[in-house]
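With PDB, C-alpha atoms inside, this is data-v6.pdb:
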```pdb
ATOM      1  CA  MET A  15     -11.179 -22.675  31.810
ATOM      2  CA  THR A  16     -11.052 -19.162  30.355
ATOM      3  CA  ALA A  17     -12.508 -18.795  26.866
ATOM      4  CA  PRO A  18     -10.067 -17.459  24.241
ATOM      5  CA  ASP A  19     -10.373 -13.783  23.305
ATOM      6  CA  THR A  20     -11.677 -13.920  19.749
ATOM      7  CA  ARG A  21     -12.014 -10.181  19.285
ATOM      8  CA  SER A  22      -9.844  -8.443  16.715
ATOM      9  CA  LEU A  23      -6.431  -7.108  17.655
ATOM     10  CA  GLU A  24      -7.814  -3.640  16.972
ATOM     11  CA  HIS A  25     -10.536  -4.023  19.604
ATOM     12  CA  ARG A  26      -8.136  -5.499  22.166
ATOM     13  CA  MET A  27      -5.730  -2.589  21.640
ATOM     14  CA  GLY A  28      -8.619  -0.140  21.933
ATOM     15  CA  ASP A  29      -9.784  -1.703  25.193
ATOM     16  CA  TRP A  30      -6.228  -1.605  26.534
ATOM     17  CA  ALA A  31      -5.831   2.091  25.653
ATOM     18  CA  ARG A  32      -9.203   3.121  27.040
ATOM     19  CA  ALA A  33      -8.543   1.346  30.334
ATOM     20  CA  ARG A  34      -5.392   3.414  30.853
ATOM     21  CA  LEU A  35      -5.942   6.714  29.045
ATOM     22  CA  PRO A  36      -8.607   9.421  28.988
ATOM     23  CA  PHE A  37     -11.170   8.826  26.242
ATOM     24  CA  ALA A  38      -9.963  11.636  23.943
ATOM     25  CA  VAL A  39      -6.292  10.623  24.293
ATOM     26  CA  ALA A  40      -7.111   6.940  23.703
ATOM     27  CA  GLU A  41      -9.047   7.806  20.533
ATOM     28  CA  LEU A  42      -6.173   9.960  19.274
ATOM     29  CA  VAL A  43      -3.600   7.224  19.961
ATOM     30  CA  MET A  44      -5.717   4.628  18.163
ATOM     31  CA  PHE A  45      -6.322   7.034  15.257
ATOM     32  CA  VAL A  46      -2.577   7.546  14.770
ATOM     33  CA  LEU A  47      -1.843   3.809  15.037
ATOM     34  CA  LYS A  48      -4.550   2.902  12.510
ATOM     35  CA  GLN A  49      -3.367   5.618  10.109
ATOM     36  CA  GLY A  50       0.144   4.193  10.361
ATOM     37  CA  TRP A  51      -1.197   0.704   9.675
ATOM     38  CA  ALA A  52      -3.161   1.964   6.654
ATOM     39  CA  CYS A  53      -0.086   3.633   5.110
ATOM     40  CA  LEU A  54       2.240   0.720   5.905
ATOM     41  CA  PHE A  55       3.293   0.198   2.276
ATOM     42  CA  GLY A  56       4.170   3.848   1.793
ATOM     43  CA  GLY A  57       5.915   3.990   5.162
ATOM     44  CA  LEU A  58       8.106   0.994   4.332
ATOM     45  CA  LEU A  59       8.971   2.491   0.940
ATOM     46  CA  LEU A  60       9.917   5.789   2.597
ATOM     47  CA  VAL A  61      12.128   3.974   5.108
ATOM     48  CA  ALA A  62      13.797   2.111   2.233
ATOM     49  CA  ILE A  63      14.454   5.396   0.399
ATOM     50  CA  ILE A  64      16.100   6.905   3.504
ATOM     51  CA  ALA A  65      18.044   3.756   4.425
ATOM     52  CA  THR A  66      19.443   3.189   0.942
ATOM     53  CA  ARG A  67      20.509   6.821   0.722
ATOM     54  CA  LEU A  68      22.468   6.444   3.966
ATOM     55  CA  ILE A  69      24.237   3.169   3.177
ATOM     56  CA  TRP A  70      24.457   2.791  -0.613
ATOM     57  CA  GLN A  71      27.855   2.947  -2.263
ATOM     58  CA  PRO A  72      28.460   3.835  -5.948
ATOM     59  CA  ASP A  73      30.661   0.777  -6.530
ATOM     60  CA  TRP A  74      28.073  -1.744  -5.355
ATOM     61  CA  PRO A  75      26.967  -4.143  -8.146
ATOM     62  CA  LEU A  76      23.278  -3.292  -7.652
ATOM     63  CA  HIS A  77      22.094   0.250  -8.326
ATOM     64  CA  ARG A  78      20.095   1.951  -5.581
ATOM     65  CA  TYR A  79      17.080   2.527  -7.850
ATOM     66  CA  ASP A  80      17.076  -1.148  -8.796
ATOM     67  CA  ALA A  81      17.240  -2.161  -5.128
ATOM     68  CA  LEU A  82      14.227   0.053  -4.420
ATOM     69  CA  PHE A  83      12.365  -1.527  -7.338
ATOM     70  CA  LEU A  84      13.056  -5.057  -6.087
ATOM     71  CA  PHE A  85      12.139  -4.019  -2.539
ATOM     72  CA  ALA A  86       8.820  -2.580  -3.734
ATOM     73  CA  ILE A  87       7.956  -5.720  -5.704
ATOM     74  CA  GLY A  88       8.859  -7.938  -2.752
ATOM     75  CA  THR A  89       6.846  -5.823  -0.330
ATOM     76  CA  GLN A  90       3.800  -5.924  -2.598
ATOM     77  CA  ALA A  91       4.100  -9.714  -2.881
ATOM     78  CA  VAL A  92       4.335 -10.082   0.908
ATOM     79  CA  PHE A  93       1.278  -7.855   1.387
ATOM     80  CA  LEU A  94      -0.785 -10.099  -0.871
ATOM     81  CA  TRP A  95       0.623 -13.330   0.574
ATOM     82  CA  ALA A  96      -0.023 -12.175   4.164
ATOM     83  CA  ARG A  97      -3.465 -10.831   3.169
ATOM     84  CA  LEU A  98      -2.542  -7.340   4.297
ATOM     85  CA  GLU A  99      -4.145  -6.298   1.016
ATOM     86  CA  THR A 100      -6.985  -7.978  -0.793
ATOM     87  CA  TRP A 101      -6.903  -8.783  -4.501
ATOM     88  CA  GLU A 102      -9.646  -6.183  -4.961
ATOM     89  CA  GLU A 103      -7.372  -3.579  -3.394
ATOM     90  CA  ALA A 104      -4.523  -4.846  -5.580
ATOM     91  CA  ARG A 105      -6.567  -3.951  -8.670
ATOM     92  CA  VAL A 106      -6.954  -0.401  -7.350
ATOM     93  CA  ILE A 107      -3.231  -0.194  -6.696
ATOM     94  CA  LEU A 108      -2.402  -1.470 -10.190
ATOM     95  CA  LEU A 109      -4.688   1.097 -11.830
ATOM     96  CA  PHE A 110      -3.122   3.972  -9.916
ATOM     97  CA  HIS A 111       0.350   2.529 -10.516
ATOM     98  CA  LEU A 112      -0.242   2.656 -14.292
ATOM     99  CA  THR A 113      -1.718   6.176 -14.314
ATOM    100  CA  GLY A 114       1.113   7.383 -12.065
ATOM    101  CA  THR A 115       3.831   5.841 -14.230
ATOM    102  CA  ALA A 116       2.351   7.460 -17.334
ATOM    103  CA  MET A 117       2.473  10.820 -15.567
ATOM    104  CA  GLU A 118       6.082  10.188 -14.501
ATOM    105  CA  TRP A 119       7.177   9.572 -18.078
ATOM    106  CA  PHE A 120       5.518  12.745 -19.280
ATOM    107  CA  LYS A 121       6.700  14.975 -16.429
ATOM    108  CA  VAL A 122      10.303  13.809 -16.615
ATOM    109  CA  HIS A 123      10.290  14.352 -20.394
ATOM    110  CA  ALA A 124       8.794  17.837 -19.818
ATOM    111  CA  GLY A 125      11.556  18.688 -17.344
ATOM    112  CA  SER A 126       9.365  19.034 -14.248
ATOM    113  CA  TRP A 127      11.657  16.732 -12.242
ATOM    114  CA  ALA A 128      14.439  14.227 -12.821
ATOM    115  CA  TYR A 129      15.924  11.045 -11.381
ATOM    116  CA  PRO A 130      19.688  11.615 -11.325
ATOM    117  CA  GLU A 131      20.965   8.133 -10.440
ATOM    118  CA  PRO A 132      21.599   5.209 -12.834
ATOM    119  CA  GLY A 133      19.580   2.019 -12.913
ATOM    120  CA  ILE A 134      18.918  -1.036 -15.046
ATOM    121  CA  PHE A 135      15.191  -0.928 -14.275
ATOM    122  CA  LYS A 136      14.888   2.582 -15.678
ATOM    123  CA  LEU A 137      12.739   3.329 -18.701
ATOM    124  CA  MET A 138      12.628   6.661 -20.552
ATOM    125  CA  GLY A 139      14.497   8.323 -17.693
ATOM    126  CA  VAL A 140      12.085   7.001 -15.040
ATOM    127  CA  PRO A 141      13.119   4.282 -12.563
ATOM    128  CA  LEU A 142      10.396   1.656 -12.349
ATOM    129  CA  PHE A 143      10.191   1.902  -8.569
ATOM    130  CA  SER A 144       8.581   5.332  -9.006
ATOM    131  CA  GLY A 145       5.305   3.728 -10.046
ATOM    132  CA  PHE A 146       5.202   2.070  -6.633
ATOM    133  CA  MET A 147       5.175   5.495  -4.990
ATOM    134  CA  TYR A 148       1.824   6.094  -6.649
ATOM    135  CA  ALA A 149       0.855   2.515  -5.787
ATOM    136  CA  ALA A 150       1.594   3.385  -2.154
ATOM    137  CA  VAL A 151      -1.002   6.170  -2.350
ATOM    138  CA  GLY A 152      -3.514   3.761  -3.878
ATOM    139  CA  SER A 153      -2.665   1.195  -1.204
ATOM    140  CA  TYR A 154      -3.250   3.756   1.538
ATOM    141  CA  MET A 155      -6.526   4.864   0.005
ATOM    142  CA  ALA A 156      -7.887   1.322  -0.253
ATOM    143  CA  ARG A 157      -6.606   0.199   3.155
ATOM    144  CA  VAL A 158      -7.692   3.282   5.106
ATOM    145  CA  ILE A 159     -11.278   2.844   3.909
ATOM    146  CA  ARG A 160     -11.245  -0.738   5.202
ATOM    147  CA  VAL A 161      -9.265  -0.121   8.406
ATOM    148  CA  PHE A 162     -11.511   2.733   9.527
ATOM    149  CA  ASP A 163     -14.722   1.184   8.175
ATOM    150  CA  MET A 164     -15.279   4.418   6.244
ATOM    151  CA  LYS A 165     -18.541   5.536   4.720
ATOM    152  CA  PHE A 166     -18.962   8.539   2.403
ATOM    153  CA  ALA A 167     -22.310  10.303   2.573
ATOM    154  CA  PRO A 168     -24.058  11.991   0.960
ATOM    155  CA  TYR A 169     -21.961  11.047  -2.049
ATOM    156  CA  PRO A 170     -22.366  13.208  -5.167
ATOM    157  CA  SER A 171     -23.324  11.991  -8.628
ATOM    158  CA  PHE A 172     -20.849   9.248  -9.565
ATOM    159  CA  PRO A 173     -20.493  10.352 -13.236
ATOM    160  CA  LEU A 174     -19.645  13.874 -12.041
ATOM    161  CA  THR A 175     -16.924  12.536  -9.728
ATOM    162  CA  VAL A 176     -15.409  10.549 -12.602
ATOM    163  CA  ALA A 177     -15.566  13.580 -14.900
ATOM    164  CA  LEU A 178     -13.802  15.740 -12.313
ATOM    165  CA  ALA A 179     -11.095  13.103 -11.766
ATOM    166  CA  VAL A 180     -10.511  12.876 -15.522
ATOM    167  CA  ALA A 181     -10.314  16.681 -15.776
ATOM    168  CA  ILE A 182      -7.757  16.783 -12.949
ATOM    169  CA  TYR A 183      -5.636  14.074 -14.527
ATOM    170  CA  VAL A 184      -5.757  15.655 -17.985
ATOM    171  CA  ASN A 185      -4.796  19.058 -16.573
ATOM    172  CA  PHE A 186      -1.567  17.616 -15.172
ATOM    173  CA  PHE A 187      -0.571  17.086 -18.810
ATOM    174  CA  ALA A 188      -2.451  19.865 -20.591
ATOM    175  CA  HIS A 189      -1.199  22.777 -18.478
ATOM    176  CA  HIS A 190       2.155  22.450 -20.261
ATOM    177  CA  PHE A 191       0.429  23.560 -23.481
ATOM    178  CA  LEU A 192      -2.809  25.243 -22.366
ATOM    179  CA  PRO A 193      -3.815  27.543 -19.474
ATOM    180  CA  ASP A 194      -3.600  25.825 -16.091
ATOM    181  CA  ILE A 195      -7.128  25.421 -14.672
ATOM    182  CA  ARG A 196      -6.106  24.062 -11.286
ATOM    183  CA  HIS A 197      -7.784  26.917  -9.407
ATOM    184  CA  ALA A 198     -11.086  26.057 -11.070
ATOM    185  CA  LEU A 199     -10.454  22.401 -10.204
ATOM    186  CA  PHE A 200      -9.822  23.326  -6.546
ATOM    187  CA  ALA A 201     -13.163  25.124  -6.502
ATOM    188  CA  ALA A 202     -14.852  22.179  -8.223
ATOM    189  CA  THR A 203     -13.641  19.710  -5.580
ATOM    190  CA  VAL A 204     -15.097  21.863  -2.826
ATOM    191  CA  ALA A 205     -18.363  22.480  -4.668
ATOM    192  CA  LEU A 206     -18.843  18.797  -5.473
ATOM    193  CA  TYR A 207     -17.649  17.188  -2.244
ATOM    194  CA  TRP A 208     -18.164  19.719   0.547
ATOM    195  CA  ARG A 209     -21.432  18.125   1.740
ATOM    196  CA  THR A 210     -19.812  14.684   1.713
ATOM    197  CA  ARG A 211     -18.862  13.517   5.168
ATOM    198  CA  ILE A 212     -16.291  10.794   5.730
ATOM    199  CA  TRP A 213     -17.631   8.684   8.579
ATOM    200  CA  PHE A 214     -14.846   6.666  10.203
ATOM    201  CA  ARG A 215     -14.699   4.369  13.210
ATOM    202  CA  ILE A 216     -11.665   4.500  15.479
ATOM    203  CA  HIS A 217     -12.798   1.893  18.038
ATOM    204  CA  ASP A 218     -16.513   1.514  18.641
ATOM    205  CA  ARG A 219     -17.597   5.081  17.918
ATOM    206  CA  HIS A 220     -17.916   6.865  14.578
ATOM    207  CA  TRP A 221     -16.538  10.319  13.838
ATOM    208  CA  TRP A 222     -16.736  12.429  10.694
ATOM    209  CA  MET A 223     -15.018  15.207   8.758
ATOM    210  CA  PRO A 224     -15.702  16.891   5.403
ATOM    211  CA  LEU A 225     -14.023  15.023   2.557
ATOM    212  CA  PRO A 226     -12.065  18.077   1.232
ATOM    213  CA  VAL A 227     -10.580  18.625   4.711
ATOM    214  CA  ALA A 228      -9.430  15.001   4.835
ATOM    215  CA  ALA A 229      -7.936  15.361   1.339
ATOM    216  CA  LEU A 230      -6.002  18.475   2.395
ATOM    217  CA  LEU A 231      -4.591  16.749   5.492
ATOM    218  CA  ALA A 232      -3.542  13.712   3.445
ATOM    219  CA  ALA A 233      -1.979  16.009   0.822
ATOM    220  CA  PHE A 234       0.113  17.663   3.540
ATOM    221  CA  ALA A 235       1.430  14.254   4.650
ATOM    222  CA  LEU A 236       2.384  13.481   1.032
ATOM    223  CA  TRP A 237       4.089  16.884   0.710
ATOM    224  CA  VAL A 238       6.221  15.976   3.751
ATOM    225  CA  ALA A 239       7.095  12.668   2.048
ATOM    226  CA  GLU A 240       8.048  14.629  -1.093
ATOM    227  CA  ASN A 241      10.536  16.589   0.994
ATOM    228  CA  VAL A 242      12.073  13.341   2.189
ATOM    229  CA  GLY A 243      12.448  12.248  -1.440
ATOM    230  CA  THR A 244      14.198  15.431  -2.521
ATOM    231  CA  ALA A 245      16.324  15.652   0.654
ATOM    232  CA  THR A 246      17.692  12.176  -0.104
ATOM    233  CA  GLY A 247      18.320  13.115  -3.743
ATOM    234  CA  THR A 248      16.039  10.341  -4.957
ATOM    235  CA  TRP A 249      14.419  12.820  -7.335
ATOM    236  CA  ILE A 250      15.070  16.493  -8.019
ATOM    237  CA  TYR A 251      12.526  19.154  -8.950
ATOM    238  CA  SER A 252      13.383  21.682 -11.611
ATOM    239  CA  GLY A 253      14.536  24.946 -10.024
ATOM    240  CA  GLN A 254      14.737  23.556  -6.492
ATOM    241  CA  GLY A 255      17.960  24.508  -4.745
ATOM    242  CA  LYS A 256      19.847  22.255  -2.368
ATOM    243  CA  GLY A 257      18.238  22.308   1.069
ATOM    244  CA  GLU A 258      15.082  24.056  -0.163
ATOM    245  CA  LEU A 259      11.664  22.722   0.722
ATOM    246  CA  VAL A 260       9.416  21.419  -2.027
ATOM    247  CA  SER A 261       7.158  24.179  -3.327
ATOM    248  CA  LEU A 262       3.769  24.413  -1.646
ATOM    249  CA  ALA A 263       2.320  24.217  -5.146
ATOM    250  CA  LYS A 264       3.129  20.490  -4.948
ATOM    251  CA  LEU A 265       0.820  20.254  -1.937
ATOM    252  CA  GLY A 266      -1.955  21.523  -4.195
ATOM    253  CA  SER A 267      -0.983  18.997  -6.846
ATOM    254  CA  TRP A 268      -1.223  16.139  -4.358
ATOM    255  CA  TYR A 269      -4.551  17.488  -3.097
ATOM    256  CA  LEU A 270      -5.935  17.203  -6.621
ATOM    257  CA  LEU A 271      -4.256  13.883  -7.359
ATOM    258  CA  LEU A 272      -5.827  12.360  -4.243
ATOM    259  CA  TYR A 273      -9.240  12.805  -5.871
ATOM    260  CA  VAL A 274      -7.964  10.835  -8.857
ATOM    261  CA  ALA A 275      -6.790   8.110  -6.471
ATOM    262  CA  PHE A 276     -10.085   8.112  -4.587
ATOM    263  CA  VAL A 277     -12.190   7.862  -7.720
ATOM    264  CA  THR A 278      -9.909   5.066  -8.916
ATOM    265  CA  VAL A 279     -10.881   3.175  -5.746
ATOM    266  CA  THR A 280     -14.560   3.754  -6.451
ATOM    267  CA  LEU A 281     -14.171   2.363  -9.969
ATOM    268  CA  VAL A 282     -13.365  -1.000  -8.364
ATOM    269  CA  THR A 283     -15.668  -0.926  -5.344
ATOM    270  CA  ARG A 284     -18.455   1.419  -4.264
ATOM    271  CA  ARG A 285     -19.565  -0.277  -1.050
ATOM    272  CA  ALA A 286     -18.565   2.717   1.061
ATOM    273  CA  LEU A 287     -20.561   5.239  -1.001
ATOM    274  CA  HIS A 288     -24.036   6.310   0.121
ATOM    275  CA  ASP A 289     -26.377   8.583  -1.801
ATOM    276  CA  GLY A 290     -28.201   9.888   1.272
ATOM    277  CA  ALA A 291     -26.928  11.509   4.458
ATOM    278  CA  LEU A 292     -25.877   9.313   7.379
ATOM    279  CA  ASP A 293     -25.679   9.985  11.097
ATOM    280  CA  LEU A 294     -23.612   7.303  12.812
ATOM    281  CA  ARG A 295     -23.098   9.132  16.091
ATOM    282  CA  PRO A 296     -24.260   7.435  19.295
ATOM    283  CA  PRO A 297     -27.957   8.148  20.030
ATOM    284  CA  ALA A 298     -27.040   9.940  23.253
ATOM    285  CA  THR A 299     -24.871  12.389  21.312
ATOM    286  CA  ARG A 300     -27.632  13.119  18.827
ATOM    287  CA  ASP A 301     -30.247  13.488  21.550
ATOM    288  CA  ALA A 302     -28.050  15.998  23.382
ATOM    289  CA  GLU A 303     -28.280  18.475  20.506
ATOM    290  CA  PRO A 304     -30.740  21.326  21.051
ATOM    291  CA  LYS A 305     -33.955  20.967  19.109
ATOM    292  CA  ALA A 306     -35.270  23.739  16.916
ATOM    293  CA  PRO A 307     -38.406  25.338  18.419
ATOM    294  CA  ALA A 308     -41.675  24.399  16.808
ATOM    295  CA  SER A 309     -43.029  27.082  14.535
TER     296      SER A 309
END
```

As structure tokens:
Amino acid sequence: MTAPDTRSLEHRMGDWARARLPFAVAELVMFVLKQGWACLFGGLLLVAIIATRLIWQPDWPLHRYDALFLFAIGTQAVFLWARLETWEEARVILLFHLTGTAMEWFKVHAGSWAYPEPGIFKLMGVPLFSGFMYAAVGSYMARVIRVFDMKFAPYPSFPLTVALAVAIYVNFFAHHFLPDIRHALFAATVALYWRTRIWFRIHDRHWWMPLPVAALLAAFALWVAENVGTATGTWIYSGQGKGELVSLAKLGSWYLLLYVAFVTVTLVTRRALHDGALDLRPPATRDAEPKAPAS
């Protein structure tokens, strides 16, 4: 009698891909699939935004924004019930949800963007589903660390990372009244985090990339999602014409905001942070590197 396969679905999928694809292609396929799994909440919310835009009618008894709000609440409940997110991750998501909603209220009041459609679940001009868009970023951040078994090393001084995150968050408000210091904040993220490698495991091998590079790539994905939001008319940026892409300045804003999201995760759990450098490559890979000649 054959023993049941008790390995995780991830490992079975990895074995299946490696048996049929070249190693590099199999790793890339698994990387894309795991990224999609990590951003499942955000992906479902984006699909809901597109789908409701295509089918919603003005005379329906439920407003589109309200439907999105109820969908987001239901999806979050299902994630917790199905254990797709842990309660620890839920705390991270709630924190980022609250900080994001506060920013929404301020930015809409300041005229940076607007939500043109009506809704019952709309407070101070902001539909309550918008907080779940920030929650989706927090969900991705928490889940991707778990899904890829990430480790961050060497991690800089924790108080400095918190101070930088606070400075970034405050600048999103303060630049309406004071000089915008985002260029200094860009430089600070690189100076503080450039030595920090994100070690991540796709199947049974670890890879790494500098943390600022990962933040820039994630910011680009969020900028693409922003374009979906404006193309569907779900929100409108001040000065943006019909059919125009979202300003690349928003990519920079998301790059900075991702550090706020990441530090929010570390406020709840710091298991993935390591003070010293790590080398999780296979021994054969490390041994293949040329050695410096003895002096």

task = Would you mind telling me which residue in A:Pro72, A:Gly255, A:Pro224, A:Gly152 lies nearest to A:Phe276 when using all atoms listed in the file?
result = A:Gly152

query = Of the candidates A:Met138, A:Leu58, A:Met117, A:Leu112, which shows the shortest atom-to-atom distance to A:Gly88, using all atoms listed in the file?
reply =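 For A:Gly88, the nearest of the given residues is A:Leu58.
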
Selection under test: the PyMOL selection byres ((chain A and resi 144) around 10); residues as a PyMOL selection string = chain A and resi 79+82-83+86+111+114-115+118+129+136+140-143+145-150+248-249

request  = Figure out the distance between atom CA of A:Ala52 and atom CA of A:Val158, please, to one decimal in Å.
outcome  =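 Interatomic distance here is 5.0 Å.
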
query = Within 8 Å of A:Tyr251, counting only C-alpha atoms, which residues qualify if same-chain residues fewer than 5 places away don't, as a list in words?
reply =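 Within the cut-off, the hits are Ser126, Trp127, Ala128, Thr244 and Val260 of chain A.
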
Residue among A:Ala124, A:Gln49, A:Ala38, A:Val92 lying closest to A:Ala235, counting only C-alpha atoms = A:Gln49

task = Would you mind reading off the distance between atom CA of A:Tyr273 and atom CA of A:Ala156, one decimal, in Å?
result =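 Computing it gives 12.9 Å between the two atoms.
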
task = Using all atoms listed in the file, find all polymer residues with an atom at most 10 Å away from the point (-17.9, 14.5, -5.0); report them as JSON, numbers by chain.
result = {"A": [166, 167, 168, 169, 170, 171, 172, 173, 174, 175, 176, 178, 179, 202, 203, 204, 205, 206, 207, 208, 209, 210, 225, 226, 273, 277]}

message = Using only C-alpha atoms for the distances, tell me which of A:Leu59, A:Leu262, A:Leu294, A:Ile195 is nearest to A:Ala233.
response =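 The shortest atom-to-atom distance to A:Ala233 comes from A:Leu262.
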
inquiry  = Taking only C-alpha atoms into account, name the residue in A:Phe120, A:Trp51, A:Phe162, A:Trp101 that is nearest to A:Trp221.
reply    = A:Phe162

ask   = Which residue out of A:Pro75, A:Pro193, A:Gly125, A:Gly56 has the minimum interatomic distance to A:Met155 when only C-alpha atoms are used?
value =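 Closest residue, counting only C-alpha atoms: A:Gly56.
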
task = Quote the spacing between atom CA of A:Leu287 and atom CA of A:Met164 in Å to one decimal place.
result = 9.0 Å

Where is the centre and how long are the edges: axis-aligned box on stretch 30-44 of chain A, 5 Å on each side, Å to one decimal, as JSON:
```
{"center_x": -7.4, "center_y": 5.0, "center_z": 24.5, "size_x": 17.6, "size_y": 23.2, "size_z": 22.7}
```

request  = Starting from the displayed file, determine the output of the PyMOL selection byres ((chain A and resi 106) around 7) and express the residue list as a PyMOL selection string.
outcome  = chain A and resi 102-105+107-110+152+278-279+282

task = Tell me, as a list in words, which residues lie within 12 Å of A:Ala245, counting only C-alpha atoms; anything in the same chain fewer than 2 positions away does not count.
result = Leu60, Ile63, Ile64, Arg67, Leu68, Val238, Ala239, Glu240, Asn241, Val242, Gly243, Gly247, Thr248, Trp249, Ile250, Tyr251, Gln254, Gly255, Lys256, Gly257, Glu258, Leu259 and Val260 of chain A

ask   = Residues at most 9 Å from A:Leu42, counting all atoms listed in the file, excluding those fewer than 5 positions away in the same chain, as a PyMOL selection string?
value = chain A and resi 37+47+216
